[in-house]
Amino acid sequence: MKNLLSIHDLGKAGIIDVMNVAESFAEVERRTMKKVPALKGKVVATLFFEESTRTRLSFETAAKRLSADVLSLSVASSSVKKGESLKDTLKTIESLGIDAVIIRHRSSGAPLQASRWLDDIAVINAGDGWHEHPSQGLLDAFTVRQAWAEDAGVKPIDTGAELFAGKRIVIVGDIAHSRVARSETLAYKALGADVVLCAPQTLLPSDTSSWGVEVTHDLDAELEQADLISVLRLQAERGSGECVPSLREFNADFAMTTTRLRALKPGARVTHPGPMVRGVEIASEVADDPRCLVTTQVTNGVAVRMAVLYLLLTGGNQGLEGVGQ
Ligand code: CP
């Protein structure tokens, strides 16, 4: 595959491939010397038209750990502000001889369009509008597999997708505006889990009948059955405030509170892609509880994004034996 635009393009085998390669890079991450020469001589550019902390830092860290050179375009101080188009900005980057561009954009489909304009450059979607955030979906699945493998006393890499079979995953919060919800749903379903979307009607997409998921408005009824609760924040920047009567009501019905944490079945986990808004969709005590994997997700983001860059830029045909040399 040349680009990473959607989880849909990977399918089950592609997702497992990324997770397995990421396991090797997670091992590299645990070493004192974390840098490997796998992408020496390659140039990776980050082009973020929307704010980011985790995705940008972790893609840039991943590229540097693989010995690639990293160009980071600050859109706020670039010629985009003088009216330069996305196409001209991308063509300028292409002229600099880069190998991969990592794009976050407020418009759904911007990375796909970029991939049509750029012939010889790998395009990676770092979040496009309400559409998808594929590397987040991958790192969330990777983190959950790791946790379940540890519970089962097995190595994640030996399990493929088997630990997802029959698991019940509840994604709760602002589904309508969430690109993470779309990527997680595609990833978890491809791996064999049952996905439940939980939100007020006003925060559900209109087309969930085609998602192959269950839909509920009753989070409390899910707590004793769920193996994983994936908590999403209200996307105020996309107008979610107009979809709930008040933050207090949203919190009362759809937030992961300490009371709800106590009601989870033994072994159940909580994830959050970040950024978290403590006290709104997740209580501070839940965010800091060992069952909440939020910091592990951020840590794993580097290994998973190393795997994505490595697979796209080498085709994976260098062999992983060499990555630590
Ligand atoms: N999860 C996520 O995309 O976080 P950032 O917006 O900080 O990159």
# chains A, B, ... in the order shown; residues from 1 in each chain; ligands from 1

call {"tool": "residues_near_ligand", "arguments": {"ligand": "ligand 1", "cutoff": "8 Å", "atoms": "only C-alpha atoms and all ligand atoms", "output": "JSON, numbers by chain"}}
result
{"A": [51, 52, 53, 54, 55, 56, 57, 126, 127, 133, 136, 180, 273, 274, 275]}

call {"tool": "write_last_selection", "arguments": {"atoms": "all heavy atoms", "output": "mmCIF file, in the first residue's frame"}}
result
data_model
loop_
_atom_site.group_PDB
_atom_site.id
_atom_site.type_symbol
_atom_site.label_atom_id
_atom_site.label_comp_id
_atom_site.auth_asym_id
_atom_site.auth_seq_id
_atom_site.Cartn_x
_atom_site.Cartn_y
_atom_site.Cartn_z
ATOM 1 N N GLU A 51 -5.136 21.906 15.020
ATOM 2 C CA GLU A 51 -4.304 21.724 16.204
ATOM 3 C C GLU A 51 -4.053 20.239 16.489
ATOM 4 O O GLU A 51 -4.888 19.397 16.160
ATOM 5 C CB GLU A 51 -4.999 22.327 17.446
ATOM 6 C CG GLU A 51 -5.290 23.799 17.368
ATOM 7 C CD GLU A 51 -6.506 24.144 16.517
ATOM 8 O OE1 GLU A 51 -7.223 23.226 16.068
ATOM 9 O OE2 GLU A 51 -6.723 25.340 16.273
ATOM 10 N N SER A 52 -2.926 19.966 17.105
ATOM 11 C CA SER A 52 -2.602 18.597 17.519
ATOM 12 C C SER A 52 -1.489 18.636 18.546
ATOM 13 O O SER A 52 -0.575 19.463 18.436
ATOM 14 C CB SER A 52 -2.156 17.767 16.315
ATOM 15 O OG SER A 52 -1.614 16.528 16.732
ATOM 16 N N THR A 53 -1.563 17.762 19.514
ATOM 17 C CA THR A 53 -0.422 17.538 20.415
ATOM 18 C C THR A 53 0.124 16.133 20.161
ATOM 19 O O THR A 53 1.259 15.953 19.709
ATOM 20 C CB THR A 53 -0.854 17.688 21.896
ATOM 21 O OG1 THR A 53 -1.325 19.022 22.086
ATOM 22 C CG2 THR A 53 0.319 17.423 22.838
ATOM 23 N N ARG A 54 -0.708 15.125 20.426
ATOM 24 C CA ARG A 54 -0.263 13.729 20.372
ATOM 25 C C ARG A 54 0.148 13.267 18.980
ATOM 26 O O ARG A 54 1.231 12.703 18.782
ATOM 27 C CB ARG A 54 -1.397 12.788 20.853
ATOM 28 C CG ARG A 54 -1.575 12.677 22.304
ATOM 29 C CD ARG A 54 -3.041 12.466 22.645
ATOM 30 N NE ARG A 54 -3.719 13.732 22.441
ATOM 31 C CZ ARG A 54 -3.806 14.661 23.394
ATOM 32 N NH1 ARG A 54 -3.390 14.385 24.592
ATOM 33 N NH2 ARG A 54 -4.350 15.840 23.163
ATOM 34 N N THR A 55 -0.735 13.478 18.003
ATOM 35 C CA THR A 55 -0.502 12.890 16.680
ATOM 36 C C THR A 55 0.752 13.475 16.047
ATOM 37 O O THR A 55 1.602 12.747 15.510
ATOM 38 C CB THR A 55 -1.727 13.126 15.776
ATOM 39 O OG1 THR A 55 -2.902 12.749 16.501
ATOM 40 C CG2 THR A 55 -1.641 12.319 14.498
ATOM 41 N N ARG A 56 0.854 14.787 16.125
ATOM 42 C CA ARG A 56 2.011 15.431 15.498
ATOM 43 C C ARG A 56 3.311 15.024 16.196
ATOM 44 O O ARG A 56 4.267 14.602 15.553
ATOM 45 C CB ARG A 56 1.834 16.945 15.552
ATOM 46 C CG ARG A 56 2.934 17.666 14.821
ATOM 47 C CD ARG A 56 2.676 19.159 14.806
ATOM 48 N NE ARG A 56 3.545 19.794 13.866
ATOM 49 C CZ ARG A 56 3.214 20.802 13.074
ATOM 50 N NH1 ARG A 56 2.006 21.280 13.091
ATOM 51 N NH2 ARG A 56 4.080 21.326 12.268
ATOM 52 N N LEU A 57 3.312 15.133 17.538
ATOM 53 C CA LEU A 57 4.543 14.786 18.264
ATOM 54 C C LEU A 57 4.911 13.325 18.052
ATOM 55 O O LEU A 57 6.081 12.980 17.900
ATOM 56 C CB LEU A 57 4.375 15.070 19.769
ATOM 57 C CG LEU A 57 4.433 16.539 20.192
ATOM 58 C CD1 LEU A 57 4.214 16.653 21.697
ATOM 59 C CD2 LEU A 57 5.778 17.164 19.821
ATOM 60 N N ALA A 126 -3.711 12.071 9.054
ATOM 61 C CA ALA A 126 -3.560 12.268 10.510
ATOM 62 C C ALA A 126 -4.837 12.851 11.104
ATOM 63 O O ALA A 126 -4.802 13.480 12.163
ATOM 64 C CB ALA A 126 -2.368 13.184 10.774
ATOM 65 N N GLY A 127 -5.975 12.642 10.405
ATOM 66 C CA GLY A 127 -7.257 13.144 10.865
ATOM 67 C C GLY A 127 -7.824 14.123 9.864
ATOM 68 O O GLY A 127 -7.243 15.185 9.659
ATOM 69 N N HIS A 133 -9.369 8.849 11.360
ATOM 70 C CA HIS A 133 -8.074 9.104 12.006
ATOM 71 C C HIS A 133 -7.420 7.714 12.119
ATOM 72 O O HIS A 133 -7.361 7.120 13.193
ATOM 73 C CB HIS A 133 -8.325 9.732 13.376
ATOM 74 C CG HIS A 133 -7.109 10.287 14.045
ATOM 75 N ND1 HIS A 133 -5.815 10.101 13.580
ATOM 76 C CD2 HIS A 133 -6.987 11.036 15.183
ATOM 77 C CE1 HIS A 133 -4.972 10.709 14.403
ATOM 78 N NE2 HIS A 133 -5.657 11.283 15.370
ATOM 79 N N GLN A 136 -4.847 6.562 14.751
ATOM 80 C CA GLN A 136 -5.416 6.484 16.103
ATOM 81 C C GLN A 136 -6.174 5.165 16.276
ATOM 82 O O GLN A 136 -6.033 4.490 17.294
ATOM 83 C CB GLN A 136 -6.356 7.667 16.350
ATOM 84 C CG GLN A 136 -6.942 7.712 17.756
ATOM 85 C CD GLN A 136 -5.928 8.098 18.820
ATOM 86 O OE1 GLN A 136 -5.198 9.053 18.652
ATOM 87 N NE2 GLN A 136 -5.869 7.350 19.916
ATOM 88 N N VAL A 180 -12.312 9.550 15.140
ATOM 89 C CA VAL A 180 -11.778 8.389 15.868
ATOM 90 C C VAL A 180 -12.846 7.297 15.943
ATOM 91 O O VAL A 180 -12.543 6.108 15.785
ATOM 92 C CB VAL A 180 -11.308 8.795 17.288
ATOM 93 C CG1 VAL A 180 -10.875 7.570 18.083
ATOM 94 C CG2 VAL A 180 -10.160 9.800 17.195
ATOM 95 N N PRO A 273 -8.851 8.646 23.278
ATOM 96 C CA PRO A 273 -7.801 9.038 22.332
ATOM 97 C C PRO A 273 -7.106 10.344 22.708
ATOM 98 O O PRO A 273 -6.031 10.644 22.173
ATOM 99 C CB PRO A 273 -8.568 9.207 21.009
ATOM 100 C CG PRO A 273 -9.971 9.552 21.428
ATOM 101 C CD PRO A 273 -10.206 8.785 22.711
ATOM 102 N N GLY A 274 -7.700 11.109 23.643
ATOM 103 C CA GLY A 274 -7.178 12.428 23.965
ATOM 104 C C GLY A 274 -7.502 13.405 22.828
ATOM 105 O O GLY A 274 -7.766 12.981 21.706
ATOM 106 N N PRO A 275 -7.496 14.694 23.103
ATOM 107 C CA PRO A 275 -7.335 15.277 24.428
ATOM 108 C C PRO A 275 -8.571 15.047 25.305
ATOM 109 O O PRO A 275 -9.689 15.066 24.800
ATOM 110 C CB PRO A 275 -7.154 16.773 24.127
ATOM 111 C CG PRO A 275 -7.809 16.998 22.799
ATOM 112 C CD PRO A 275 -7.642 15.731 22.032
#

call {"tool": "residues_around", "arguments": {"residues": "A:Ala13", "least_positions_apart": "4", "cutoff": "12 Å", "atoms": "only C-alpha atoms", "output": "PDB file with all heavy atoms, in the first residue's frame"}}
result
ATOM      1  N   ILE A   7      -8.811   3.172   7.557  1.00  0.00           N
ATOM      2  CA  ILE A   7      -8.689   1.796   8.075  1.00  0.00           C
ATOM      3  C   ILE A   7      -9.284   0.826   7.064  1.00  0.00           C
ATOM      4  O   ILE A   7      -8.822  -0.301   6.906  1.00  0.00           O
ATOM      5  CB  ILE A   7      -9.435   1.670   9.422  1.00  0.00           C
ATOM      6  CG1 ILE A   7      -8.716   2.452  10.515  1.00  0.00           C
ATOM      7  CG2 ILE A   7      -9.618   0.213   9.821  1.00  0.00           C
ATOM      8  CD1 ILE A   7      -7.452   1.843  11.046  1.00  0.00           C
ATOM      9  N   HIS A   8     -10.302   1.310   6.357  1.00  0.00           N
ATOM     10  CA  HIS A   8     -10.997   0.497   5.370  1.00  0.00           C
ATOM     11  C   HIS A   8     -10.014  -0.116   4.358  1.00  0.00           C
ATOM     12  O   HIS A   8     -10.174  -1.245   3.923  1.00  0.00           O
ATOM     13  CB  HIS A   8     -12.015   1.388   4.653  1.00  0.00           C
ATOM     14  CG  HIS A   8     -13.004   0.632   3.849  1.00  0.00           C
ATOM     15  ND1 HIS A   8     -13.993  -0.123   4.431  1.00  0.00           N
ATOM     16  CD2 HIS A   8     -13.144   0.491   2.517  1.00  0.00           C
ATOM     17  CE1 HIS A   8     -14.697  -0.679   3.483  1.00  0.00           C
ATOM     18  NE2 HIS A   8     -14.201  -0.334   2.317  1.00  0.00           N
ATOM     19  N   ASP A   9      -8.976   0.661   3.984  1.00  0.00           N
ATOM     20  CA  ASP A   9      -8.020   0.193   2.972  1.00  0.00           C
ATOM     21  C   ASP A   9      -7.148  -0.956   3.490  1.00  0.00           C
ATOM     22  O   ASP A   9      -6.571  -1.704   2.696  1.00  0.00           O
ATOM     23  CB  ASP A   9      -7.079   1.333   2.544  1.00  0.00           C
ATOM     24  CG  ASP A   9      -7.847   2.528   2.003  1.00  0.00           C
ATOM     25  OD1 ASP A   9      -8.969   2.329   1.507  1.00  0.00           O
ATOM     26  OD2 ASP A   9      -7.325   3.659   2.094  1.00  0.00           O
ATOM     27  N   ASP A  17      -0.960  -6.838  10.434  1.00  0.00           N
ATOM     28  CA  ASP A  17       0.414  -6.587   9.960  1.00  0.00           C
ATOM     29  C   ASP A  17       1.020  -5.370  10.661  1.00  0.00           C
ATOM     30  O   ASP A  17       2.146  -5.426  11.182  1.00  0.00           O
ATOM     31  CB  ASP A  17       0.332  -6.309   8.445  1.00  0.00           C
ATOM     32  CG  ASP A  17       1.516  -6.881   7.706  1.00  0.00           C
ATOM     33  OD1 ASP A  17       2.207  -7.727   8.284  1.00  0.00           O
ATOM     34  OD2 ASP A  17       1.736  -6.456   6.552  1.00  0.00           O
ATOM     35  N   VAL A  18       0.263  -4.265  10.681  1.00  0.00           N
ATOM     36  CA  VAL A  18       0.764  -3.048  11.343  1.00  0.00           C
ATOM     37  C   VAL A  18       1.004  -3.330  12.829  1.00  0.00           C
ATOM     38  O   VAL A  18       2.052  -2.962  13.389  1.00  0.00           O
ATOM     39  CB  VAL A  18      -0.222  -1.867  11.171  1.00  0.00           C
ATOM     40  CG1 VAL A  18       0.221  -0.668  12.010  1.00  0.00           C
ATOM     41  CG2 VAL A  18      -0.335  -1.460   9.703  1.00  0.00           C
ATOM     42  N   MET A  19       0.041  -4.006  13.473  1.00  0.00           N
ATOM     43  CA  MET A  19       0.183  -4.259  14.922  1.00  0.00           C
ATOM     44  C   MET A  19       1.406  -5.140  15.200  1.00  0.00           C
ATOM     45  O   MET A  19       2.132  -4.911  16.172  1.00  0.00           O
ATOM     46  CB  MET A  19      -1.089  -4.911  15.471  1.00  0.00           C
ATOM     47  CG  MET A  19      -2.285  -3.971  15.497  1.00  0.00           C
ATOM     48  SD  MET A  19      -3.605  -4.498  16.630  1.00  0.00           S
ATOM     49  CE  MET A  19      -4.172  -5.999  15.858  1.00  0.00           C
ATOM     50  N   ASN A  20       1.637  -6.125  14.349  1.00  0.00           N
ATOM     51  CA  ASN A  20       2.769  -7.029  14.587  1.00  0.00           C
ATOM     52  C   ASN A  20       4.103  -6.318  14.366  1.00  0.00           C
ATOM     53  O   ASN A  20       5.050  -6.517  15.136  1.00  0.00           O
ATOM     54  CB  ASN A  20       2.651  -8.273  13.703  1.00  0.00           C
ATOM     55  CG  ASN A  20       1.542  -9.197  14.183  1.00  0.00           C
ATOM     56  OD1 ASN A  20       1.003  -9.005  15.277  1.00  0.00           O
ATOM     57  ND2 ASN A  20       1.193 -10.181  13.377  1.00  0.00           N
ATOM     58  N   GLY A 160      -2.707 -12.719  16.761  1.00  0.00           N
ATOM     59  CA  GLY A 160      -3.432 -12.202  15.588  1.00  0.00           C
ATOM     60  C   GLY A 160      -4.600 -11.361  16.046  1.00  0.00           C
ATOM     61  O   GLY A 160      -4.436 -10.406  16.807  1.00  0.00           O
ATOM     62  N   ALA A 161      -5.802 -11.758  15.598  1.00  0.00           N
ATOM     63  CA  ALA A 161      -7.011 -11.018  15.998  1.00  0.00           C
ATOM     64  C   ALA A 161      -7.844 -11.821  16.989  1.00  0.00           C
ATOM     65  O   ALA A 161      -8.937 -11.396  17.357  1.00  0.00           O
ATOM     66  CB  ALA A 161      -7.834 -10.702  14.756  1.00  0.00           C
ATOM     67  N   ALA A 187     -11.775  -0.666  12.638  1.00  0.00           N
ATOM     68  CA  ALA A 187     -10.692  -1.541  13.097  1.00  0.00           C
ATOM     69  C   ALA A 187     -11.229  -2.661  13.997  1.00  0.00           C
ATOM     70  O   ALA A 187     -10.938  -3.842  13.772  1.00  0.00           O
ATOM     71  CB  ALA A 187      -9.639  -0.723  13.841  1.00  0.00           C
ATOM     72  N   ALA A 190     -13.336  -5.161  12.012  1.00  0.00           N
ATOM     73  CA  ALA A 190     -12.503  -5.996  11.137  1.00  0.00           C
ATOM     74  C   ALA A 190     -11.804  -7.087  11.940  1.00  0.00           C
ATOM     75  O   ALA A 190     -11.581  -8.203  11.452  1.00  0.00           O
ATOM     76  CB  ALA A 190     -11.477  -5.128  10.413  1.00  0.00           C
ATOM     77  N   LEU A 191     -11.465  -6.780  13.202  1.00  0.00           N
ATOM     78  CA  LEU A 191     -10.751  -7.748  14.043  1.00  0.00           C
ATOM     79  C   LEU A 191     -11.695  -8.732  14.729  1.00  0.00           C
ATOM     80  O   LEU A 191     -11.249  -9.634  15.428  1.00  0.00           O
ATOM     81  CB  LEU A 191      -9.909  -6.995  15.080  1.00  0.00           C
ATOM     82  CG  LEU A 191      -8.749  -6.164  14.485  1.00  0.00           C
ATOM     83  CD1 LEU A 191      -8.149  -5.245  15.538  1.00  0.00           C
ATOM     84  CD2 LEU A 191      -7.671  -7.064  13.894  1.00  0.00           C
ATOM     85  N   GLY A 192     -13.004  -8.530  14.576  1.00  0.00           N
ATOM     86  CA  GLY A 192     -13.961  -9.530  15.062  1.00  0.00           C
ATOM     87  C   GLY A 192     -14.726  -9.152  16.312  1.00  0.00           C
ATOM     88  O   GLY A 192     -15.451  -9.980  16.866  1.00  0.00           O
TER      89      GLY A 192
END

call {"tool": "select_by_dssp", "arguments": {"residues": "stretch 40-242 of chain A", "states": "alpha helix (DSSP H)", "output": "count of residues only"}}
result
65

call {"tool": "select_by_dssp", "arguments": {"residues": "stretch 190-260 of chain A", "states": "strand (DSSP E or B)", "output": "list in words"}}
result
Asp194, Val195, Val196, Leu197, Cys198, Glu214, Val215, Thr216, Leu228, Ile229, Ser230, Val231 and Met256 of chain A

call {"tool": "atom_distance", "arguments": {"atom1": "atom CA of A:Leu293", "atom2": "atom CA of A:Leu312"}}
result
27.4 Å

call {"tool": "residues_around", "arguments": {"residues": "A:Thr202", "least_positions_apart": "5", "cutoff": "9 Å", "atoms": "only C-alpha atoms", "output": "PyMOL selection string"}}
result
chain A and resi 174+176+240+243-244

call {"tool": "write_last_selection", "arguments": {"atoms": "N, CA, C and O atoms", "output": "short mmCIF file (atom, residue, chain, number, x, y, z; two decimals), in the first residue's frame"}}
result
data_model
loop_
_atom_site.label_atom_id
_atom_site.label_comp_id
_atom_site.auth_asym_id
_atom_site.auth_seq_id
_atom_site.Cartn_x
_atom_site.Cartn_y
_atom_site.Cartn_z
N ASP A 174 -19.39 11.79 21.75
CA ASP A 174 -19.76 12.51 20.54
C ASP A 174 -19.33 11.72 19.30
O ASP A 174 -18.27 11.95 18.73
N ALA A 176 -20.98 11.54 16.41
CA ALA A 176 -21.30 12.22 15.14
C ALA A 176 -20.12 12.99 14.57
O ALA A 176 -19.86 12.95 13.37
N SER A 240 -20.59 20.58 18.70
CA SER A 240 -21.29 19.61 19.55
C SER A 240 -22.12 20.30 20.64
O SER A 240 -23.11 19.73 21.11
N CYS A 243 -25.70 20.31 20.32
CA CYS A 243 -26.37 19.00 20.25
C CYS A 243 -26.71 18.43 21.62
O CYS A 243 -27.29 17.34 21.70
N VAL A 244 -26.31 19.11 22.70
CA VAL A 244 -26.66 18.62 24.04
C VAL A 244 -27.31 19.77 24.82
O VAL A 244 -26.93 20.93 24.66
#

call {"tool": "closest_residue", "arguments": {"among": "A:Asp218, A:Glu94, A:Glu237, A:Asp140", "to": "A:Gln297", "atoms": "only C-alpha atoms"}}
result
A:Asp140

call {"tool": "residues_around", "arguments": {"residues": "A:Ala263", "least_positions_apart": "5", "cutoff": "10 Å", "atoms": "only C-alpha atoms", "output": "list in words"}}
result
Asp220, Ala221, Glu222, Leu223, Glu224, Gln225, Thr257 and Thr258 of chain A

call {"tool": "write_last_selection", "arguments": {"atoms": "all heavy atoms", "output": "PDB file, in the first residue's frame"}}
result
ATOM      1  N   ASP A 220     -25.383   3.020  31.196  1.00  0.00           N
ATOM      2  CA  ASP A 220     -25.398   2.218  32.425  1.00  0.00           C
ATOM      3  C   ASP A 220     -25.718   0.751  32.144  1.00  0.00           C
ATOM      4  O   ASP A 220     -25.173  -0.140  32.783  1.00  0.00           O
ATOM      5  CB  ASP A 220     -26.400   2.810  33.425  1.00  0.00           C
ATOM      6  CG  ASP A 220     -25.902   4.157  33.945  1.00  0.00           C
ATOM      7  OD1 ASP A 220     -24.743   4.213  34.405  1.00  0.00           O
ATOM      8  OD2 ASP A 220     -26.643   5.147  33.843  1.00  0.00           O
ATOM      9  N   ALA A 221     -26.576   0.514  31.148  1.00  0.00           N
ATOM     10  CA  ALA A 221     -26.952  -0.866  30.818  1.00  0.00           C
ATOM     11  C   ALA A 221     -25.784  -1.637  30.191  1.00  0.00           C
ATOM     12  O   ALA A 221     -25.811  -2.868  30.125  1.00  0.00           O
ATOM     13  CB  ALA A 221     -28.147  -0.867  29.867  1.00  0.00           C
ATOM     14  N   GLU A 222     -24.782  -0.929  29.701  1.00  0.00           N
ATOM     15  CA  GLU A 222     -23.639  -1.577  29.030  1.00  0.00           C
ATOM     16  C   GLU A 222     -22.501  -1.952  29.979  1.00  0.00           C
ATOM     17  O   GLU A 222     -21.641  -2.762  29.638  1.00  0.00           O
ATOM     18  CB  GLU A 222     -23.071  -0.649  27.942  1.00  0.00           C
ATOM     19  CG  GLU A 222     -23.988  -0.446  26.761  1.00  0.00           C
ATOM     20  CD  GLU A 222     -24.272  -1.751  26.020  1.00  0.00           C
ATOM     21  OE1 GLU A 222     -23.366  -2.601  25.932  1.00  0.00           O
ATOM     22  OE2 GLU A 222     -25.411  -1.917  25.561  1.00  0.00           O
ATOM     23  N   LEU A 223     -22.489  -1.338  31.164  1.00  0.00           N
ATOM     24  CA  LEU A 223     -21.274  -1.389  31.986  1.00  0.00           C
ATOM     25  C   LEU A 223     -20.901  -2.807  32.420  1.00  0.00           C
ATOM     26  O   LEU A 223     -19.721  -3.163  32.476  1.00  0.00           O
ATOM     27  CB  LEU A 223     -21.426  -0.475  33.205  1.00  0.00           C
ATOM     28  CG  LEU A 223     -21.626   1.009  32.848  1.00  0.00           C
ATOM     29  CD1 LEU A 223     -21.938   1.823  34.107  1.00  0.00           C
ATOM     30  CD2 LEU A 223     -20.387   1.581  32.152  1.00  0.00           C
ATOM     31  N   GLU A 224     -21.917  -3.627  32.727  1.00  0.00           N
ATOM     32  CA  GLU A 224     -21.614  -4.972  33.219  1.00  0.00           C
ATOM     33  C   GLU A 224     -21.250  -5.933  32.098  1.00  0.00           C
ATOM     34  O   GLU A 224     -20.765  -7.041  32.350  1.00  0.00           O
ATOM     35  CB  GLU A 224     -22.821  -5.531  33.984  1.00  0.00           C
ATOM     36  CG  GLU A 224     -22.936  -4.956  35.363  1.00  0.00           C
ATOM     37  CD  GLU A 224     -24.108  -5.545  36.121  1.00  0.00           C
ATOM     38  OE1 GLU A 224     -24.600  -6.631  35.725  1.00  0.00           O
ATOM     39  OE2 GLU A 224     -24.530  -4.911  37.091  1.00  0.00           O
ATOM     40  N   GLN A 225     -21.505  -5.522  30.845  1.00  0.00           N
ATOM     41  CA  GLN A 225     -21.249  -6.438  29.709  1.00  0.00           C
ATOM     42  C   GLN A 225     -19.990  -6.071  28.938  1.00  0.00           C
ATOM     43  O   GLN A 225     -19.384  -6.914  28.290  1.00  0.00           O
ATOM     44  CB  GLN A 225     -22.381  -6.350  28.688  1.00  0.00           C
ATOM     45  CG  GLN A 225     -23.781  -6.495  29.202  1.00  0.00           C
ATOM     46  CD  GLN A 225     -24.746  -6.267  28.050  1.00  0.00           C
ATOM     47  OE1 GLN A 225     -24.781  -7.060  27.109  1.00  0.00           O
ATOM     48  NE2 GLN A 225     -25.502  -5.190  28.096  1.00  0.00           N
ATOM     49  N   THR A 257     -17.907   8.135  34.851  1.00  0.00           N
ATOM     50  CA  THR A 257     -17.760   8.656  36.210  1.00  0.00           C
ATOM     51  C   THR A 257     -17.163   7.572  37.103  1.00  0.00           C
ATOM     52  O   THR A 257     -17.067   6.402  36.698  1.00  0.00           O
ATOM     53  CB  THR A 257     -19.144   9.050  36.748  1.00  0.00           C
ATOM     54  OG1 THR A 257     -19.968   7.862  36.699  1.00  0.00           O
ATOM     55  CG2 THR A 257     -19.777  10.146  35.904  1.00  0.00           C
ATOM     56  N   THR A 258     -16.819   7.929  38.320  1.00  0.00           N
ATOM     57  CA  THR A 258     -16.283   6.921  39.255  1.00  0.00           C
ATOM     58  C   THR A 258     -17.342   5.864  39.567  1.00  0.00           C
ATOM     59  O   THR A 258     -17.029   4.691  39.721  1.00  0.00           O
ATOM     60  CB  THR A 258     -15.813   7.585  40.559  1.00  0.00           C
ATOM     61  OG1 THR A 258     -16.830   8.469  41.001  1.00  0.00           O
ATOM     62  CG2 THR A 258     -14.531   8.359  40.348  1.00  0.00           C
TER      63      THR A 258
END

call {"tool": "atom_distance", "arguments": {"atom1": "atom CA of A:Arg116", "atom2": "atom CA of A:Lys87"}}
result
10.1 Å

call {"tool": "closest_residue", "arguments": {"among": "A:Lys81, A:Arg106, A:Arg31, A:Lys189", "to": "A:Ile169", "atoms": "only C-alpha atoms"}}
result
A:Lys189

call {"tool": "residues_around", "arguments": {"residues": "A:Asp227", "least_positions_apart": "5", "cutoff": "7 Å", "atoms": "only C-alpha atoms", "output": "JSON, numbers by chain"}}
result
{"A": [167, 168, 169, 268, 269]}

call {"tool": "closest_residue", "arguments": {"among": "A:Gly153, A:Gly41, A:Gly11, A:Gly109", "to": "A:Leu186", "atoms": "only C-alpha atoms"}}
result
A:Gly11

call {"tool": "residues_around", "arguments": {"residues": "A:Phe59", "least_positions_apart": "3", "cutoff": "8 Å", "atoms": "only C-alpha atoms", "output": "VMD selection string"}}
result
chain A and resid 55 to 56 62 to 63 302 305 to 306

call {"tool": "residues_around", "arguments": {"residues": "A:Cys292", "least_positions_apart": "6", "cutoff": "12 Å", "atoms": "only C-alpha atoms", "output": "PyMOL selection string"}}
result
chain A and resi 143-144+147+228-231+256+258+261+264+267-274+276+282-286

call {"tool": "closest_residue", "arguments": {"among": "A:Lys34, A:Lys265, A:Lys155, A:Arg179", "to": "A:His105", "atoms": "only C-alpha atoms"}}
result
A:Arg179
